[in-house]
Amino acid sequence: GAMRLLGSARRPAPSLFSLPGLEARANWRGAKGLDAAGYRPLADAVRRIEDATDALADEYVRAKAARAEAGRKASDYEADASLHGGRWDWLSYVDRGAIKPSFAREAPVAARLLDAVPRLMTGVPFGHAFYSALGAGAEIKPHTAPMNLRLRVHVPLMVPEGDVGMRLAGEALAWRRGEALVFDDSFVHETWNRTAADRVVLLFDVWHPDLGDDEIGAVVDMFRRAAAKPK
């Protein structure tokens with residue numbers, strides 16, 4: 001454990017398993033970086049979501065208000081107190097690899113845009129897509145993803161002024177409204193919001209671009225067979 005943590009700022013350190021041979025790059029530098037790496041369809045999908053920042057922010061506010069009016073919980077997620085401090089609310093479309101049909105009624109703009117993302121990560125328990133609201137004063141302690149099969153995308157919708165940010169593989173990053181962060185969260189990372197308002201992003205996971213469709217199919221099938229085994 002100590003040696004893995006020692007190197008985690010410089011190389012990926014997934015907590016569960018790692019597939020050899022995938023490009024290990026912490027910060028993919030947004031849509032421009034995806035383009036430069038030859039992943040144009042994904043870059044174009046990210047840009048379409050960036051272009052919809054205003055509509056997505058308005059949709060999130062409406063969905064949050066509708067949940068409150070209906071007496072529903074604001075979040076689909078129960079925070080892990082050992083990792084998270086403060087409030088972290090999720091409004092989920094993909095929850096542990098499964099698409100939630102109710103989201104399309106709550107948030108049709110986000111659902112339509114996410115449906116158009118090439119190789120959105122579904123079918124495995126590591127795939128997520130949700131409106132992510134990190135509350136005032138909240139923090140998520142340093143951690144890594146369970147595996148290196150995905151890239152994570154944040155499209156910032158509401159970014160309060162002040163001390164709010166992320167540290168990824170030792171690099172301090174700032175969210176800028178409408179400018180996507182694309183990163184490999186198998187590198188150690190942490191986030192914080194030391195302001196008086198929520199930080200809201202549309203967060204979603206995609207399969208690592210180096211994976212072939214046959215490899216993705218094999219991983220999904222492995223988890224499908226594991227889930228079907230008698231307990």
# chains A, B, ... in the order shown; residues from 1 in each chain; ligands from 1

call {"tool": "residues_around", "arguments": {"residues": "region 13-23 of chain A", "least_positions_apart": "5", "cutoff": "7 Å", "atoms": "only C-alpha atoms", "output": "PyMOL selection string"}}
result
chain A and resi 4+8+144-148+186-187+210

call {"tool": "residues_around", "arguments": {"residues": "Ala197 (chain A)", "least_positions_apart": "4", "cutoff": "12 Å", "atoms": "only C-alpha atoms", "output": "list in words"}}
result
Arg87, Ala133, Leu134, Gly135, Ala136, Gly137, Ala138, Met158, Val159, Pro160, Glu161, Gly162, Asp163, Val164, Trp192 and Asn193 of chain A

call {"tool": "closest_residue", "arguments": {"among": "A:Val188, A:Ala107, A:Val206, A:Val61", "to": "Glu171 (chain A)", "atoms": "only C-alpha atoms"}}
result
A:Val188

call {"tool": "atom_distance", "arguments": {"atom1": "CA of Asp213 (chain A)", "atom2": "CA of Ala36 (chain A)"}}
result
21.1 Å

call {"tool": "residues_around", "arguments": {"residues": "Ala111 (chain A)", "least_positions_apart": "6", "cutoff": "8 Å", "atoms": "only C-alpha atoms", "output": "list of chain:residue names"}}
result
A:Tyr93, A:Phe103, A:Ala104

call {"tool": "closest_residue", "arguments": {"among": "A:Arg67, A:His208, A:Arg72, A:His189", "to": "Pro118 (chain A)", "atoms": "only C-alpha atoms"}}
result
A:His208

call {"tool": "closest_residue", "arguments": {"among": "A:Arg224, A:Pro209, A:Pro12, A:Arg29", "to": "Pro41 (chain A)", "atoms": "only C-alpha atoms"}}
result
A:Pro209

call {"tool": "atom_distance", "arguments": {"atom1": "CA of Glu179 (chain A)", "atom2": "CA of Met166 (chain A)"}}
result
14.4 Å

call {"tool": "atom_distance", "arguments": {"atom1": "CA of Leu151 (chain A)", "atom2": "CA of Asp184 (chain A)"}}
result
4.8 Å

call {"tool": "residues_around", "arguments": {"residues": "Asp76 (chain A)", "least_positions_apart": "5", "cutoff": "8 Å", "atoms": "only C-alpha atoms", "output": "number ranges by chain"}}
result
A: 89-92

call {"tool": "residues_around", "arguments": {"residues": "Ala52 (chain A)", "least_positions_apart": "3", "cutoff": "9 Å", "atoms": "only C-alpha atoms", "output": "ChimeraX atom specification"}}
result
/A:47-49,55-57,109-110,113,178

call {"tool": "write_last_selection", "arguments": {"atoms": "all heavy atoms", "output": "mmCIF file, in the first residue's frame"}}
result
data_model
loop_
_atom_site.group_PDB
_atom_site.id
_atom_site.type_symbol
_atom_site.label_atom_id
_atom_site.label_comp_id
_atom_site.auth_asym_id
_atom_site.auth_seq_id
_atom_site.Cartn_x
_atom_site.Cartn_y
_atom_site.Cartn_z
ATOM 1 N N ARG A 47 -18.107 18.867 -26.879
ATOM 2 C CA ARG A 47 -18.360 20.266 -27.278
ATOM 3 C C ARG A 47 -19.858 20.559 -27.344
ATOM 4 O O ARG A 47 -20.293 21.664 -26.989
ATOM 5 C CB ARG A 47 -17.702 20.551 -28.626
ATOM 6 C CG ARG A 47 -16.188 20.623 -28.570
ATOM 7 C CD ARG A 47 -15.608 21.201 -29.850
ATOM 8 N NE ARG A 47 -14.156 21.274 -29.773
ATOM 9 C CZ ARG A 47 -13.327 20.396 -30.319
ATOM 10 N NH1 ARG A 47 -13.802 19.350 -30.995
ATOM 11 N NH2 ARG A 47 -12.020 20.528 -30.199
ATOM 12 N N ARG A 48 -20.658 19.594 -27.802
ATOM 13 C CA ARG A 48 -22.113 19.820 -27.842
ATOM 14 C C ARG A 48 -22.659 20.039 -26.431
ATOM 15 O O ARG A 48 -23.557 20.872 -26.225
ATOM 16 C CB ARG A 48 -22.811 18.626 -28.493
ATOM 17 C CG ARG A 48 -22.668 18.580 -30.005
ATOM 18 C CD ARG A 48 -23.613 17.566 -30.637
ATOM 19 N NE ARG A 48 -23.303 16.185 -30.246
ATOM 20 C CZ ARG A 48 -22.482 15.391 -30.918
ATOM 21 N NH1 ARG A 48 -21.850 15.830 -32.001
ATOM 22 N NH2 ARG A 48 -22.274 14.146 -30.509
ATOM 23 N N ILE A 49 -22.106 19.308 -25.474
ATOM 24 C CA ILE A 49 -22.557 19.487 -24.095
ATOM 25 C C ILE A 49 -22.081 20.830 -23.549
ATOM 26 O O ILE A 49 -22.828 21.538 -22.864
ATOM 27 C CB ILE A 49 -22.079 18.307 -23.226
ATOM 28 C CG1 ILE A 49 -22.741 17.008 -23.723
ATOM 29 C CG2 ILE A 49 -22.415 18.541 -21.759
ATOM 30 C CD1 ILE A 49 -22.231 15.752 -23.045
ATOM 31 N N ALA A 55 -28.585 25.828 -20.915
ATOM 32 C CA ALA A 55 -29.790 24.992 -20.859
ATOM 33 C C ALA A 55 -29.660 23.925 -19.769
ATOM 34 O O ALA A 55 -30.634 23.625 -19.055
ATOM 35 C CB ALA A 55 -30.050 24.340 -22.215
ATOM 36 N N LEU A 56 -28.481 23.362 -19.621
ATOM 37 C CA LEU A 56 -28.267 22.328 -18.607
ATOM 38 C C LEU A 56 -28.347 22.912 -17.196
ATOM 39 O O LEU A 56 -28.939 22.298 -16.293
ATOM 40 C CB LEU A 56 -26.922 21.649 -18.833
ATOM 41 C CG LEU A 56 -26.836 20.756 -20.069
ATOM 42 C CD1 LEU A 56 -25.382 20.428 -20.390
ATOM 43 C CD2 LEU A 56 -27.639 19.474 -19.877
ATOM 44 N N ALA A 57 -27.759 24.085 -16.993
ATOM 45 C CA ALA A 57 -27.827 24.721 -15.673
ATOM 46 C C ALA A 57 -29.277 25.026 -15.299
ATOM 47 O O ALA A 57 -29.707 24.779 -14.165
ATOM 48 C CB ALA A 57 -26.983 25.988 -15.657
ATOM 49 N N VAL A 109 -32.943 17.384 -21.470
ATOM 50 C CA VAL A 109 -31.819 17.966 -22.226
ATOM 51 C C VAL A 109 -30.556 17.152 -21.964
ATOM 52 O O VAL A 109 -29.859 16.745 -22.902
ATOM 53 C CB VAL A 109 -31.605 19.446 -21.852
ATOM 54 C CG1 VAL A 109 -30.379 20.003 -22.582
ATOM 55 C CG2 VAL A 109 -32.844 20.273 -22.189
ATOM 56 N N ALA A 110 -30.268 16.907 -20.692
ATOM 57 C CA ALA A 110 -29.071 16.115 -20.360
ATOM 58 C C ALA A 110 -29.185 14.702 -20.907
ATOM 59 O O ALA A 110 -28.201 14.155 -21.434
ATOM 60 C CB ALA A 110 -28.870 16.081 -18.847
ATOM 61 N N LEU A 113 -28.401 14.651 -24.664
ATOM 62 C CA LEU A 113 -26.981 14.871 -24.938
ATOM 63 C C LEU A 113 -26.136 13.673 -24.517
ATOM 64 O O LEU A 113 -25.202 13.278 -25.225
ATOM 65 C CB LEU A 113 -26.506 16.133 -24.217
ATOM 66 C CG LEU A 113 -27.029 17.455 -24.795
ATOM 67 C CD1 LEU A 113 -26.823 18.585 -23.811
ATOM 68 C CD2 LEU A 113 -26.340 17.778 -26.120
ATOM 69 N N GLY A 178 -18.644 25.926 -18.541
ATOM 70 C CA GLY A 178 -18.755 25.613 -19.957
ATOM 71 C C GLY A 178 -17.500 25.052 -20.597
ATOM 72 O O GLY A 178 -17.488 24.827 -21.806
#

call {"tool": "residues_around", "arguments": {"residues": "Asp205 (chain A)", "least_positions_apart": "3", "cutoff": "8 Å", "atoms": "only C-alpha atoms", "output": "list in words"}}
result
Leu120, Met121, Gly127, His128, Ala129, Arg150, Leu151, Arg152 and Val153 of chain A

call {"tool": "write_last_selection", "arguments": {"atoms": "all heavy atoms", "output": "PDB file, in the first residue's frame"}}
result
ATOM      1  N   LEU A 120     -20.534   5.849 -24.038  1.00  0.00           N
ATOM      2  CA  LEU A 120     -20.862   6.162 -22.652  1.00  0.00           C
ATOM      3  C   LEU A 120     -20.763   4.869 -21.851  1.00  0.00           C
ATOM      4  O   LEU A 120     -21.222   3.816 -22.286  1.00  0.00           O
ATOM      5  CB  LEU A 120     -22.287   6.729 -22.587  1.00  0.00           C
ATOM      6  CG  LEU A 120     -22.763   7.276 -21.243  1.00  0.00           C
ATOM      7  CD1 LEU A 120     -22.030   8.569 -20.897  1.00  0.00           C
ATOM      8  CD2 LEU A 120     -24.279   7.525 -21.290  1.00  0.00           C
ATOM      9  N   MET A 121     -20.174   4.944 -20.672  1.00  0.00           N
ATOM     10  CA  MET A 121     -19.907   3.715 -19.923  1.00  0.00           C
ATOM     11  C   MET A 121     -21.179   3.208 -19.242  1.00  0.00           C
ATOM     12  O   MET A 121     -21.679   3.811 -18.297  1.00  0.00           O
ATOM     13  CB  MET A 121     -18.812   3.951 -18.885  1.00  0.00           C
ATOM     14  CG  MET A 121     -18.317   2.663 -18.240  1.00  0.00           C
ATOM     15  SD  MET A 121     -16.977   2.943 -17.056  1.00  0.00           S
ATOM     16  CE  MET A 121     -15.764   1.759 -17.610  1.00  0.00           C
ATOM     17  N   GLY A 127     -19.715   2.617 -14.150  1.00  0.00           N
ATOM     18  CA  GLY A 127     -20.174   3.674 -15.039  1.00  0.00           C
ATOM     19  C   GLY A 127     -21.208   4.569 -14.380  1.00  0.00           C
ATOM     20  O   GLY A 127     -22.185   4.086 -13.796  1.00  0.00           O
ATOM     21  N   HIS A 128     -21.000   5.881 -14.489  1.00  0.00           N
ATOM     22  CA  HIS A 128     -21.922   6.849 -13.889  1.00  0.00           C
ATOM     23  C   HIS A 128     -22.118   8.035 -14.832  1.00  0.00           C
ATOM     24  O   HIS A 128     -21.226   8.393 -15.609  1.00  0.00           O
ATOM     25  CB  HIS A 128     -21.379   7.367 -12.558  1.00  0.00           C
ATOM     26  CG  HIS A 128     -21.264   6.323 -11.502  1.00  0.00           C
ATOM     27  ND1 HIS A 128     -22.317   5.943 -10.699  1.00  0.00           N
ATOM     28  CD2 HIS A 128     -20.215   5.550 -11.124  1.00  0.00           C
ATOM     29  CE1 HIS A 128     -21.924   5.000  -9.867  1.00  0.00           C
ATOM     30  NE2 HIS A 128     -20.647   4.734 -10.100  1.00  0.00           N
ATOM     31  N   ALA A 129     -23.285   8.650 -14.729  1.00  0.00           N
ATOM     32  CA  ALA A 129     -23.556   9.927 -15.388  1.00  0.00           C
ATOM     33  C   ALA A 129     -24.597  10.643 -14.539  1.00  0.00           C
ATOM     34  O   ALA A 129     -25.674  10.080 -14.282  1.00  0.00           O
ATOM     35  CB  ALA A 129     -24.060   9.729 -16.815  1.00  0.00           C
ATOM     36  N   ARG A 150     -11.851   3.732 -17.720  1.00  0.00           N
ATOM     37  CA  ARG A 150     -12.718   4.852 -18.079  1.00  0.00           C
ATOM     38  C   ARG A 150     -11.958   6.169 -18.071  1.00  0.00           C
ATOM     39  O   ARG A 150     -10.891   6.310 -17.457  1.00  0.00           O
ATOM     40  CB  ARG A 150     -13.892   4.951 -17.102  1.00  0.00           C
ATOM     41  CG  ARG A 150     -13.517   5.458 -15.720  1.00  0.00           C
ATOM     42  CD  ARG A 150     -14.680   5.399 -14.738  1.00  0.00           C
ATOM     43  NE  ARG A 150     -14.297   5.936 -13.432  1.00  0.00           N
ATOM     44  CZ  ARG A 150     -14.937   5.714 -12.297  1.00  0.00           C
ATOM     45  NH1 ARG A 150     -16.014   4.938 -12.292  1.00  0.00           N
ATOM     46  NH2 ARG A 150     -14.516   6.239 -11.165  1.00  0.00           N
ATOM     47  N   LEU A 151     -12.541   7.161 -18.731  1.00  0.00           N
ATOM     48  CA  LEU A 151     -12.219   8.565 -18.521  1.00  0.00           C
ATOM     49  C   LEU A 151     -13.454   9.216 -17.927  1.00  0.00           C
ATOM     50  O   LEU A 151     -14.591   8.831 -18.237  1.00  0.00           O
ATOM     51  CB  LEU A 151     -11.844   9.266 -19.832  1.00  0.00           C
ATOM     52  CG  LEU A 151     -10.637   8.735 -20.599  1.00  0.00           C
ATOM     53  CD1 LEU A 151     -10.369   9.608 -21.824  1.00  0.00           C
ATOM     54  CD2 LEU A 151      -9.398   8.653 -19.721  1.00  0.00           C
ATOM     55  N   ARG A 152     -13.239  10.198 -17.097  1.00  0.00           N
ATOM     56  CA  ARG A 152     -14.352  10.928 -16.478  1.00  0.00           C
ATOM     57  C   ARG A 152     -14.386  12.345 -17.031  1.00  0.00           C
ATOM     58  O   ARG A 152     -13.342  12.980 -17.213  1.00  0.00           O
ATOM     59  CB  ARG A 152     -14.203  10.922 -14.961  1.00  0.00           C
ATOM     60  CG  ARG A 152     -15.254  11.708 -14.201  1.00  0.00           C
ATOM     61  CD  ARG A 152     -15.449  11.176 -12.789  1.00  0.00           C
ATOM     62  NE  ARG A 152     -16.261   9.941 -12.806  1.00  0.00           N
ATOM     63  CZ  ARG A 152     -16.702   9.330 -11.710  1.00  0.00           C
ATOM     64  NH1 ARG A 152     -16.403   9.818 -10.513  1.00  0.00           N
ATOM     65  NH2 ARG A 152     -17.440   8.229 -11.800  1.00  0.00           N
ATOM     66  N   VAL A 153     -15.580  12.828 -17.301  1.00  0.00           N
ATOM     67  CA  VAL A 153     -15.771  14.167 -17.863  1.00  0.00           C
ATOM     68  C   VAL A 153     -16.595  14.997 -16.889  1.00  0.00           C
ATOM     69  O   VAL A 153     -17.630  14.537 -16.383  1.00  0.00           O
ATOM     70  CB  VAL A 153     -16.486  14.100 -19.233  1.00  0.00           C
ATOM     71  CG1 VAL A 153     -16.602  15.510 -19.827  1.00  0.00           C
ATOM     72  CG2 VAL A 153     -15.740  13.173 -20.194  1.00  0.00           C
TER      73      VAL A 153
END

call {"tool": "select_by_dssp", "arguments": {"residues": "region 40-196 of chain A", "states": "strand (DSSP E or B)", "output": "ChimeraX atom specification"}}
result
/A:84-85,88-95,98-99,120,129-134,139-143,150-158,164-168,171-173,176,179,181-183,189-193

call {"tool": "closest_residue", "arguments": {"among": "A:Leu173, A:Leu42, A:Val200, A:Val117", "to": "Asp58 (chain A)", "atoms": "only C-alpha atoms"}}
result
A:Val200

call {"tool": "residues_around", "arguments": {"residues": "Val182 (chain A)", "least_positions_apart": "6", "cutoff": "10 Å", "atoms": "only C-alpha atoms", "output": "list of chain:residue names"}}
result
A:Ala26, A:Asn27, A:Trp28, A:Arg29, A:Gly30, A:Ala31, A:Lys32, A:Gly33, A:Leu34, A:Ala43, A:Val46, A:Leu151, A:Arg152, A:Val153, A:His154, A:Val155, A:Leu203, A:Phe204, A:Asp205, A:Val206

call {"tool": "select_by_dssp", "arguments": {"residues": "region 69-109 of chain A", "states": "alpha helix (DSSP H)", "output": "PyMOL selection string"}}
result
chain A and resi 69+101-106+108-109

call {"tool": "write_last_selection", "arguments": {"atoms": "all heavy atoms", "output": "short mmCIF file (atom, residue, chain, number, x, y, z; two decimals), in the first residue's frame"}}
result
data_model
loop_
_atom_site.label_atom_id
_atom_site.label_comp_id
_atom_site.auth_asym_id
_atom_site.auth_seq_id
_atom_site.Cartn_x
_atom_site.Cartn_y
_atom_site.Cartn_z
N GLU A 69 -40.33 20.14 -4.31
CA GLU A 69 -41.78 20.36 -4.28
C GLU A 69 -42.53 19.04 -4.09
O GLU A 69 -43.57 18.99 -3.42
CB GLU A 69 -42.23 21.04 -5.58
CG GLU A 69 -43.67 21.50 -5.57
CD GLU A 69 -44.01 22.30 -6.82
OE1 GLU A 69 -43.12 23.02 -7.34
OE2 GLU A 69 -45.16 22.20 -7.27
N PRO A 101 -34.52 5.28 -16.42
CA PRO A 101 -35.46 5.92 -17.35
C PRO A 101 -36.13 7.17 -16.79
O PRO A 101 -36.47 8.09 -17.55
CB PRO A 101 -36.49 4.81 -17.61
CG PRO A 101 -35.78 3.54 -17.31
CD PRO A 101 -34.84 3.86 -16.18
N SER A 102 -36.30 7.25 -15.47
CA SER A 102 -36.97 8.40 -14.88
C SER A 102 -36.20 9.70 -15.10
O SER A 102 -36.78 10.80 -15.11
CB SER A 102 -37.19 8.18 -13.38
OG SER A 102 -35.95 8.02 -12.71
N PHE A 103 -34.88 9.59 -15.30
CA PHE A 103 -34.06 10.79 -15.49
C PHE A 103 -34.48 11.55 -16.74
O PHE A 103 -34.47 12.80 -16.74
CB PHE A 103 -32.58 10.40 -15.59
CG PHE A 103 -31.63 11.56 -15.76
CD1 PHE A 103 -31.08 12.19 -14.67
CD2 PHE A 103 -31.27 11.99 -17.03
CE1 PHE A 103 -30.19 13.24 -14.82
CE2 PHE A 103 -30.37 13.05 -17.20
CZ PHE A 103 -29.83 13.67 -16.09
N ALA A 104 -34.84 10.85 -17.79
CA ALA A 104 -35.22 11.51 -19.04
C ALA A 104 -36.45 12.38 -18.86
O ALA A 104 -36.63 13.35 -19.60
CB ALA A 104 -35.44 10.48 -20.14
N ARG A 105 -37.30 12.04 -17.89
CA ARG A 105 -38.46 12.88 -17.61
C ARG A 105 -38.06 14.09 -16.77
O ARG A 105 -38.60 15.18 -16.96
CB ARG A 105 -39.53 12.06 -16.88
CG ARG A 105 -40.09 10.92 -17.71
CD ARG A 105 -41.31 10.28 -17.06
NE ARG A 105 -40.98 9.56 -15.84
CZ ARG A 105 -40.58 8.28 -15.81
NH1 ARG A 105 -40.46 7.59 -16.95
NH2 ARG A 105 -40.31 7.68 -14.67
N GLU A 106 -37.12 13.91 -15.87
CA GLU A 106 -36.65 15.01 -15.03
C GLU A 106 -35.73 15.96 -15.78
O GLU A 106 -35.75 17.17 -15.55
CB GLU A 106 -35.88 14.47 -13.82
CG GLU A 106 -36.69 13.78 -12.77
CD GLU A 106 -35.83 13.47 -11.55
OE1 GLU A 106 -35.10 12.46 -11.60
OE2 GLU A 106 -35.87 14.23 -10.58
N PRO A 108 -34.62 16.09 -19.59
CA PRO A 108 -34.57 15.62 -20.98
C PRO A 108 -33.40 16.18 -21.79
O PRO A 108 -32.90 15.50 -22.69
CB PRO A 108 -35.91 16.07 -21.56
CG PRO A 108 -36.38 17.18 -20.66
CD PRO A 108 -35.86 16.84 -19.30
N VAL A 109 -32.94 17.38 -21.47
CA VAL A 109 -31.82 17.97 -22.23
C VAL A 109 -30.56 17.15 -21.96
O VAL A 109 -29.86 16.74 -22.90
CB VAL A 109 -31.61 19.45 -21.85
CG1 VAL A 109 -30.38 20.00 -22.58
CG2 VAL A 109 -32.84 20.27 -22.19
#

call {"tool": "closest_residue", "arguments": {"among": "A:Arg176, A:Arg96, A:Lys141, A:Arg119", "to": "Phe223 (chain A)", "atoms": "only C-alpha atoms"}}
result
A:Arg96

call {"tool": "decode", "arguments": {"residues": "region 98-129 of chain A", "atoms": "N, CA and C atoms", "output": "mmCIF file, in the first residue's frame"}}
result
data_model
loop_
_atom_site.group_PDB
_atom_site.id
_atom_site.type_symbol
_atom_site.label_atom_id
_atom_site.label_comp_id
_atom_site.auth_asym_id
_atom_site.auth_seq_id
_atom_site.Cartn_x
_atom_site.Cartn_y
_atom_site.Cartn_z
ATOM 1 N N ALA A 98 -26.258 1.241 -14.919
ATOM 2 C CA ALA A 98 -27.648 1.062 -15.339
ATOM 3 C C ALA A 98 -28.295 2.409 -15.619
ATOM 4 N N ILE A 99 -28.944 2.521 -16.783
ATOM 5 C CA ILE A 99 -29.652 3.746 -17.137
ATOM 6 C C ILE A 99 -30.965 3.824 -16.358
ATOM 7 N N LYS A 100 -31.247 5.002 -15.792
ATOM 8 C CA LYS A 100 -32.484 5.225 -15.037
ATOM 9 C C LYS A 100 -33.478 5.961 -15.941
ATOM 10 N N PRO A 101 -34.515 5.279 -16.422
ATOM 11 C CA PRO A 101 -35.456 5.917 -17.353
ATOM 12 C C PRO A 101 -36.128 7.170 -16.793
ATOM 13 N N SER A 102 -36.299 7.248 -15.471
ATOM 14 C CA SER A 102 -36.973 8.405 -14.883
ATOM 15 C C SER A 102 -36.197 9.700 -15.100
ATOM 16 N N PHE A 103 -34.882 9.593 -15.303
ATOM 17 C CA PHE A 103 -34.059 10.792 -15.489
ATOM 18 C C PHE A 103 -34.480 11.552 -16.737
ATOM 19 N N ALA A 104 -34.838 10.853 -17.788
ATOM 20 C CA ALA A 104 -35.215 11.513 -19.041
ATOM 21 C C ALA A 104 -36.455 12.380 -18.865
ATOM 22 N N ARG A 105 -37.297 12.038 -17.891
ATOM 23 C CA ARG A 105 -38.461 12.882 -17.607
ATOM 24 C C ARG A 105 -38.061 14.090 -16.766
ATOM 25 N N GLU A 106 -37.123 13.909 -15.865
ATOM 26 C CA GLU A 106 -36.654 15.010 -15.025
ATOM 27 C C GLU A 106 -35.729 15.959 -15.781
ATOM 28 N N ALA A 107 -34.907 15.397 -16.649
ATOM 29 C CA ALA A 107 -33.816 16.164 -17.269
ATOM 30 C C ALA A 107 -33.651 15.753 -18.732
ATOM 31 N N PRO A 108 -34.621 16.086 -19.591
ATOM 32 C CA PRO A 108 -34.566 15.620 -20.984
ATOM 33 C C PRO A 108 -33.396 16.179 -21.788
ATOM 34 N N VAL A 109 -32.943 17.384 -21.470
ATOM 35 C CA VAL A 109 -31.819 17.966 -22.226
ATOM 36 C C VAL A 109 -30.556 17.152 -21.964
ATOM 37 N N ALA A 110 -30.268 16.907 -20.692
ATOM 38 C CA ALA A 110 -29.071 16.115 -20.360
ATOM 39 C C ALA A 110 -29.185 14.702 -20.907
ATOM 40 N N ALA A 111 -30.363 14.093 -20.809
ATOM 41 C CA ALA A 111 -30.532 12.722 -21.297
ATOM 42 C C ALA A 111 -30.256 12.641 -22.790
ATOM 43 N N ARG A 112 -30.772 13.598 -23.549
ATOM 44 C CA ARG A 112 -30.561 13.586 -25.007
ATOM 45 C C ARG A 112 -29.078 13.745 -25.341
ATOM 46 N N LEU A 113 -28.401 14.651 -24.664
ATOM 47 C CA LEU A 113 -26.981 14.871 -24.938
ATOM 48 C C LEU A 113 -26.136 13.673 -24.517
ATOM 49 N N LEU A 114 -26.450 13.082 -23.388
ATOM 50 C CA LEU A 114 -25.678 11.925 -22.924
ATOM 51 C C LEU A 114 -25.906 10.716 -23.823
ATOM 52 N N ASP A 115 -27.117 10.571 -24.343
ATOM 53 C CA ASP A 115 -27.385 9.457 -25.256
ATOM 54 C C ASP A 115 -26.527 9.540 -26.517
ATOM 55 N N ALA A 116 -26.093 10.742 -26.863
ATOM 56 C CA ALA A 116 -25.298 10.944 -28.078
ATOM 57 C C ALA A 116 -23.797 10.843 -27.826
ATOM 58 N N VAL A 117 -23.389 10.571 -26.592
ATOM 59 C CA VAL A 117 -21.956 10.445 -26.277
ATOM 60 C C VAL A 117 -21.472 9.072 -26.724
ATOM 61 N N PRO A 118 -20.467 9.023 -27.593
ATOM 62 C CA PRO A 118 -19.954 7.718 -28.031
ATOM 63 C C PRO A 118 -19.383 6.919 -26.867
ATOM 64 N N ARG A 119 -19.812 5.668 -26.742
ATOM 65 C CA ARG A 119 -19.254 4.733 -25.761
ATOM 66 C C ARG A 119 -19.367 5.267 -24.333
ATOM 67 N N LEU A 120 -20.534 5.849 -24.038
ATOM 68 C CA LEU A 120 -20.862 6.162 -22.652
ATOM 69 C C LEU A 120 -20.763 4.869 -21.851
ATOM 70 N N MET A 121 -20.174 4.944 -20.672
ATOM 71 C CA MET A 121 -19.907 3.715 -19.923
ATOM 72 C C MET A 121 -21.179 3.208 -19.242
ATOM 73 N N THR A 122 -21.691 2.091 -19.743
ATOM 74 C CA THR A 122 -22.838 1.416 -19.142
ATOM 75 C C THR A 122 -22.538 -0.080 -19.085
ATOM 76 N N GLY A 123 -23.367 -0.802 -18.358
ATOM 77 C CA GLY A 123 -23.223 -2.256 -18.317
ATOM 78 C C GLY A 123 -22.232 -2.791 -17.310
ATOM 79 N N VAL A 124 -21.539 -1.909 -16.610
ATOM 80 C CA VAL A 124 -20.592 -2.309 -15.569
ATOM 81 C C VAL A 124 -20.799 -1.399 -14.362
ATOM 82 N N PRO A 125 -20.494 -1.862 -13.158
ATOM 83 C CA PRO A 125 -20.809 -1.062 -11.969
ATOM 84 C C PRO A 125 -19.955 0.184 -11.799
ATOM 85 N N PHE A 126 -18.999 0.405 -12.694
ATOM 86 C CA PHE A 126 -18.116 1.570 -12.586
ATOM 87 C C PHE A 126 -18.606 2.756 -13.412
ATOM 88 N N GLY A 127 -19.715 2.617 -14.150
ATOM 89 C CA GLY A 127 -20.174 3.674 -15.039
ATOM 90 C C GLY A 127 -21.208 4.569 -14.380
ATOM 91 N N HIS A 128 -21.000 5.881 -14.489
ATOM 92 C CA HIS A 128 -21.922 6.849 -13.889
ATOM 93 C C HIS A 128 -22.118 8.035 -14.832
ATOM 94 N N ALA A 129 -23.285 8.650 -14.729
ATOM 95 C CA ALA A 129 -23.556 9.927 -15.388
ATOM 96 C C ALA A 129 -24.597 10.643 -14.539
#
